[in-house]
Amino acid sequence: MSKINIAIDGPSGAGKSTLAKAIAKRLNIYYLDTGSMYRAVAYAAINSGTGIGDAKQVEKLIAEIDLRTVYEAGKQRLLLEGKNIMPYIRTPEISRAASDVSAYPCVRLKLVSMQREVAENYDVVLDGRDIGTYVLPNSKHKFFITADVEERAKRRYLELKNKGVDKCYIEVLDEMKTRDKNDSTRSLAPLAQADDAQFIDTTQMSIKEALDVIITKLKE
Ligand code: C5P
């Protein structure tokens with residue numbers, strides 16, 4: 001029997017992951033954070049001294065990487081050489097490096113095949129940039145979540161502040177604009193809305209309101 005696959009795409013800071021987690025919880029299905037997989041490759045590159053600007057070195061890293069996605073008590077874990085690296089991949093340095101490594105086709109092809117495998121085996125909500133357009137073009141449930149870049153930067157700034165990371169708003173805004181540009185202009189599977197995705201702008205919406213819109217659409 002085919003599985004339920006829900007695709008949530010959009011730029012960073014739009015509320016995708018909060019929404020995807022809430023949908024997964026509501027429907028009692030799995031959640032796959034595909035951004036964390038690009039972050040894991042960035043983490044592996046930094047820790048192995050791989051030059052992120054050097055295509056040959058990145059290809060070697062990808063050919064040899066021992067990265068697995070597993071679920072423990074319903075929660076996604078990423079194991080790099082058997083070690084759970086989820087707690088180490090949410091730094092600004094890794095965010096930048098993830099955006100850079102994600103432009104390499106060898107990185108995307110490897111991670112996309114892992115994502116498709118999860119989608120084949122489980123009912124799952126996936127969030128990312130290219131789920132509806134490239135990873136699962138046949139998914140029947142696609143959403144594109146966005147918000148104005150200033151609002152997204154404000155949310156990220158507050159999130160970092162709450163974690164004790166001291167960064168000024170303008171710096172966060174500039175980084176977000178750079179990431180948006182990198183993600184939307186890469187040649188393979190750029191950030192884009194699928195033609196059959198529902199568009200949701202969360203600039204003026206609370207997460208609860210956005211969640212209600214999505215759940216209503218899913219019920220339809
Ligand atoms: O969503 P998150 O900010 O964790 O993603 C980190 C980076 O991984 C993004 O900036 C993007 O470059 C990349 N990414 C991607 N395709 C996805 C998910 C994330 O290229 N499906």
# chains A, B, ... in the order shown; residues from 1 in each chain; ligands from 1
call {"tool": "closest_atom_pairs", "arguments": {"of": "stretch 119-158 of chain A", "to": "stretch 31-39 of chain A", "cutoff": "12 Å", "atoms": "only C-alpha atoms", "output": "Markdown table"}}
result
| residue | atom | partner | partner_atom | distance |
| --- | --- | --- | --- | --- |
| A:Ala119 | CA | A:Leu32 | CA | 8.9 |
| A:Tyr122 | CA | A:Tyr31 | CA | 9.6 |
| A:Asp123 | CA | A:Tyr31 | CA | 8.7 |
| A:Val124 | CA | A:Tyr31 | CA | 5.4 |
| A:Val125 | CA | A:Tyr31 | CA | 4.8 |
| A:Leu126 | CA | A:Leu32 | CA | 4.7 |
| A:Asp127 | CA | A:Asp33 | CA | 5.5 |
| A:Gly128 | CA | A:Thr34 | CA | 5.5 |
| A:Arg129 | CA | A:Gly35 | CA | 8.3 |
| A:Asp130 | CA | A:Thr34 | CA | 9.6 |
| A:Ile131 | CA | A:Thr34 | CA | 8.8 |
| A:Val135 | CA | A:Thr34 | CA | 10.4 |
call {"tool": "residues_around", "arguments": {"residues": "A:Cys168", "least_positions_apart": "2", "cutoff": "12 Å", "atoms": "only C-alpha atoms", "output": "PyMOL selection string"}}
result
chain A and resi 153-154+156-158+160-161+165-166+170-175
call {"tool": "closest_atom_pairs", "arguments": {"of": "stretch 12-127 of chain A", "to": "stretch 185-199 of chain A", "cutoff": "9 Å", "atoms": "only C-alpha atoms", "output": "tab-separated table"}}
result
residue	atom	partner	partner_atom	distance
A:Ser102	CA	A:Arg186	CA	8.7
A:Ala103	CA	A:Arg186	CA	5.8
A:Tyr104	CA	A:Leu188	CA	8.2
A:Pro105	CA	A:Leu188	CA	6.5
A:Arg108	CA	A:Leu188	CA	8.1
call {"tool": "write_last_selection", "arguments": {"atoms": "N, CA, C and O atoms", "output": "PDB file, in the first residue's frame"}}
result
ATOM      1  N   SER A 102      24.946  21.984  -0.270  1.00  0.00           N
ATOM      2  CA  SER A 102      23.698  21.528  -0.908  1.00  0.00           C
ATOM      3  C   SER A 102      23.670  21.838  -2.408  1.00  0.00           C
ATOM      4  O   SER A 102      22.828  21.320  -3.134  1.00  0.00           O
ATOM      5  N   ALA A 103      24.574  22.694  -2.874  1.00  0.00           N
ATOM      6  CA  ALA A 103      24.587  23.026  -4.316  1.00  0.00           C
ATOM      7  C   ALA A 103      25.265  21.926  -5.135  1.00  0.00           C
ATOM      8  O   ALA A 103      25.109  21.892  -6.350  1.00  0.00           O
ATOM      9  N   TYR A 104      26.001  21.011  -4.487  1.00  0.00           N
ATOM     10  CA  TYR A 104      26.689  19.953  -5.243  1.00  0.00           C
ATOM     11  C   TYR A 104      25.710  18.835  -5.625  1.00  0.00           C
ATOM     12  O   TYR A 104      25.098  18.221  -4.732  1.00  0.00           O
ATOM     13  N   PRO A 105      25.597  18.532  -6.932  1.00  0.00           N
ATOM     14  CA  PRO A 105      24.690  17.439  -7.331  1.00  0.00           C
ATOM     15  C   PRO A 105      25.002  16.126  -6.615  1.00  0.00           C
ATOM     16  O   PRO A 105      24.070  15.407  -6.230  1.00  0.00           O
ATOM     17  N   ARG A 108      23.271  16.205  -3.294  1.00  0.00           N
ATOM     18  CA  ARG A 108      21.806  16.138  -3.417  1.00  0.00           C
ATOM     19  C   ARG A 108      21.358  14.727  -3.801  1.00  0.00           C
ATOM     20  O   ARG A 108      20.396  14.199  -3.250  1.00  0.00           O
TER      21      ARG A 108
END
call {"tool": "select_by_dssp", "arguments": {"residues": "stretch 6-210 of chain A", "states": "strand (DSSP E or B)", "output": "JSON, numbers by chain"}}
result
{"A": [6, 7, 8, 9, 30, 31, 32, 33, 67, 68, 69, 70, 71, 72, 75, 76, 77, 78, 79, 80, 83, 84, 124, 125, 126, 127, 128, 141, 142, 143, 144, 145, 146, 198, 199, 200, 201]}
call {"tool": "write_last_selection", "arguments": {"atoms": "C-alpha atoms", "output": "mmCIF file, in the first residue's frame"}}
result
data_model
loop_
_atom_site.group_PDB
_atom_site.id
_atom_site.type_symbol
_atom_site.label_atom_id
_atom_site.label_comp_id
_atom_site.auth_asym_id
_atom_site.auth_seq_id
_atom_site.Cartn_x
_atom_site.Cartn_y
_atom_site.Cartn_z
ATOM 1 C CA ILE A 6 3.292 15.251 2.936
ATOM 2 C CA ALA A 7 5.714 17.721 1.319
ATOM 3 C CA ILE A 8 6.397 21.048 3.046
ATOM 4 C CA ASP A 9 8.765 23.402 1.216
ATOM 5 C CA TYR A 30 6.909 10.424 11.134
ATOM 6 C CA TYR A 31 8.693 13.712 10.471
ATOM 7 C CA LEU A 32 11.784 13.953 8.265
ATOM 8 C CA ASP A 33 13.811 17.154 8.529
ATOM 9 C CA LEU A 67 25.377 8.629 7.349
ATOM 10 C CA ARG A 68 22.071 7.025 8.322
ATOM 11 C CA THR A 69 18.624 8.308 9.226
ATOM 12 C CA VAL A 70 16.950 6.248 11.937
ATOM 13 C CA TYR A 71 13.852 6.642 14.081
ATOM 14 C CA GLU A 72 14.043 6.081 17.817
ATOM 15 C CA LYS A 75 12.004 10.689 16.597
ATOM 16 C CA GLN A 76 14.425 11.218 13.728
ATOM 17 C CA ARG A 77 18.128 10.785 14.460
ATOM 18 C CA LEU A 78 21.070 11.219 12.120
ATOM 19 C CA LEU A 79 23.920 8.850 12.763
ATOM 20 C CA LEU A 80 27.334 9.795 11.404
ATOM 21 C CA LYS A 83 27.044 8.722 16.474
ATOM 22 C CA ASN A 84 23.910 10.863 16.796
ATOM 23 C CA VAL A 124 5.909 10.848 6.800
ATOM 24 C CA VAL A 125 5.895 14.651 6.628
ATOM 25 C CA LEU A 126 9.059 15.918 4.930
ATOM 26 C CA ASP A 127 10.213 19.508 5.064
ATOM 27 C CA GLY A 128 12.813 21.057 2.794
ATOM 28 C CA HIS A 141 -0.126 16.720 -0.382
ATOM 29 C CA LYS A 142 2.181 19.661 -1.067
ATOM 30 C CA PHE A 143 2.512 22.959 0.747
ATOM 31 C CA PHE A 144 4.771 25.926 0.111
ATOM 32 C CA ILE A 145 5.250 27.979 3.269
ATOM 33 C CA THR A 146 6.821 31.401 3.133
ATOM 34 C CA GLN A 198 -0.825 25.092 -1.681
ATOM 35 C CA PHE A 199 0.787 28.475 -1.015
ATOM 36 C CA ILE A 200 0.729 29.737 2.587
ATOM 37 C CA ASP A 201 2.201 33.092 3.653
#
call {"tool": "select_by_dssp", "arguments": {"residues": "stretch 8-46 of chain A", "states": "alpha helix (DSSP H)", "output": "list in words"}}
result
Lys16, Ser17, Thr18, Leu19, Ala20, Lys21, Ala22, Ile23, Ala24, Lys25, Arg26, Leu27, Thr34, Gly35, Ser36, Met37, Tyr38, Arg39, Ala40, Val41, Ala42, Tyr43, Ala44, Ala45 and Ile46 of chain A
call {"tool": "residues_around", "arguments": {"residues": "A:Thr202", "least_positions_apart": "5", "cutoff": "10 Å", "atoms": "only C-alpha atoms", "output": "PyMOL selection string"}}
result
chain A and resi 14-16+145-148+151-152+207+209-210
call {"tool": "atom_distance", "arguments": {"atom1": "atom CA of A:Ala45", "atom2": "atom CA of A:Leu19"}}
result
29.4 Å
call {"tool": "closest_residue", "arguments": {"among": "A:Gly49, A:Gly132, A:Pro137, A:Gly164", "to": "ligand 1", "atoms": "only C-alpha atoms and all ligand atoms"}}
result
A:Gly132
call {"tool": "closest_residue", "arguments": {"among": "A:Asn138, A:Asn182, A:Thr50, A:Asn121", "to": "ligand 1", "atoms": "only C-alpha atoms and all ligand atoms"}}
result
A:Asn182
call {"tool": "closest_residue", "arguments": {"among": "A:Met1, A:Val149, A:Ala40, A:Leu27", "to": "ligand 1", "atoms": "only C-alpha atoms and all ligand atoms"}}
result
A:Ala40
call {"tool": "residues_around", "arguments": {"residues": "A:Ile46", "least_positions_apart": "4", "cutoff": "10 Å", "atoms": "only C-alpha atoms", "output": "ChimeraX atom specification"}}
result
/A:40-42,50-52,93-94,97
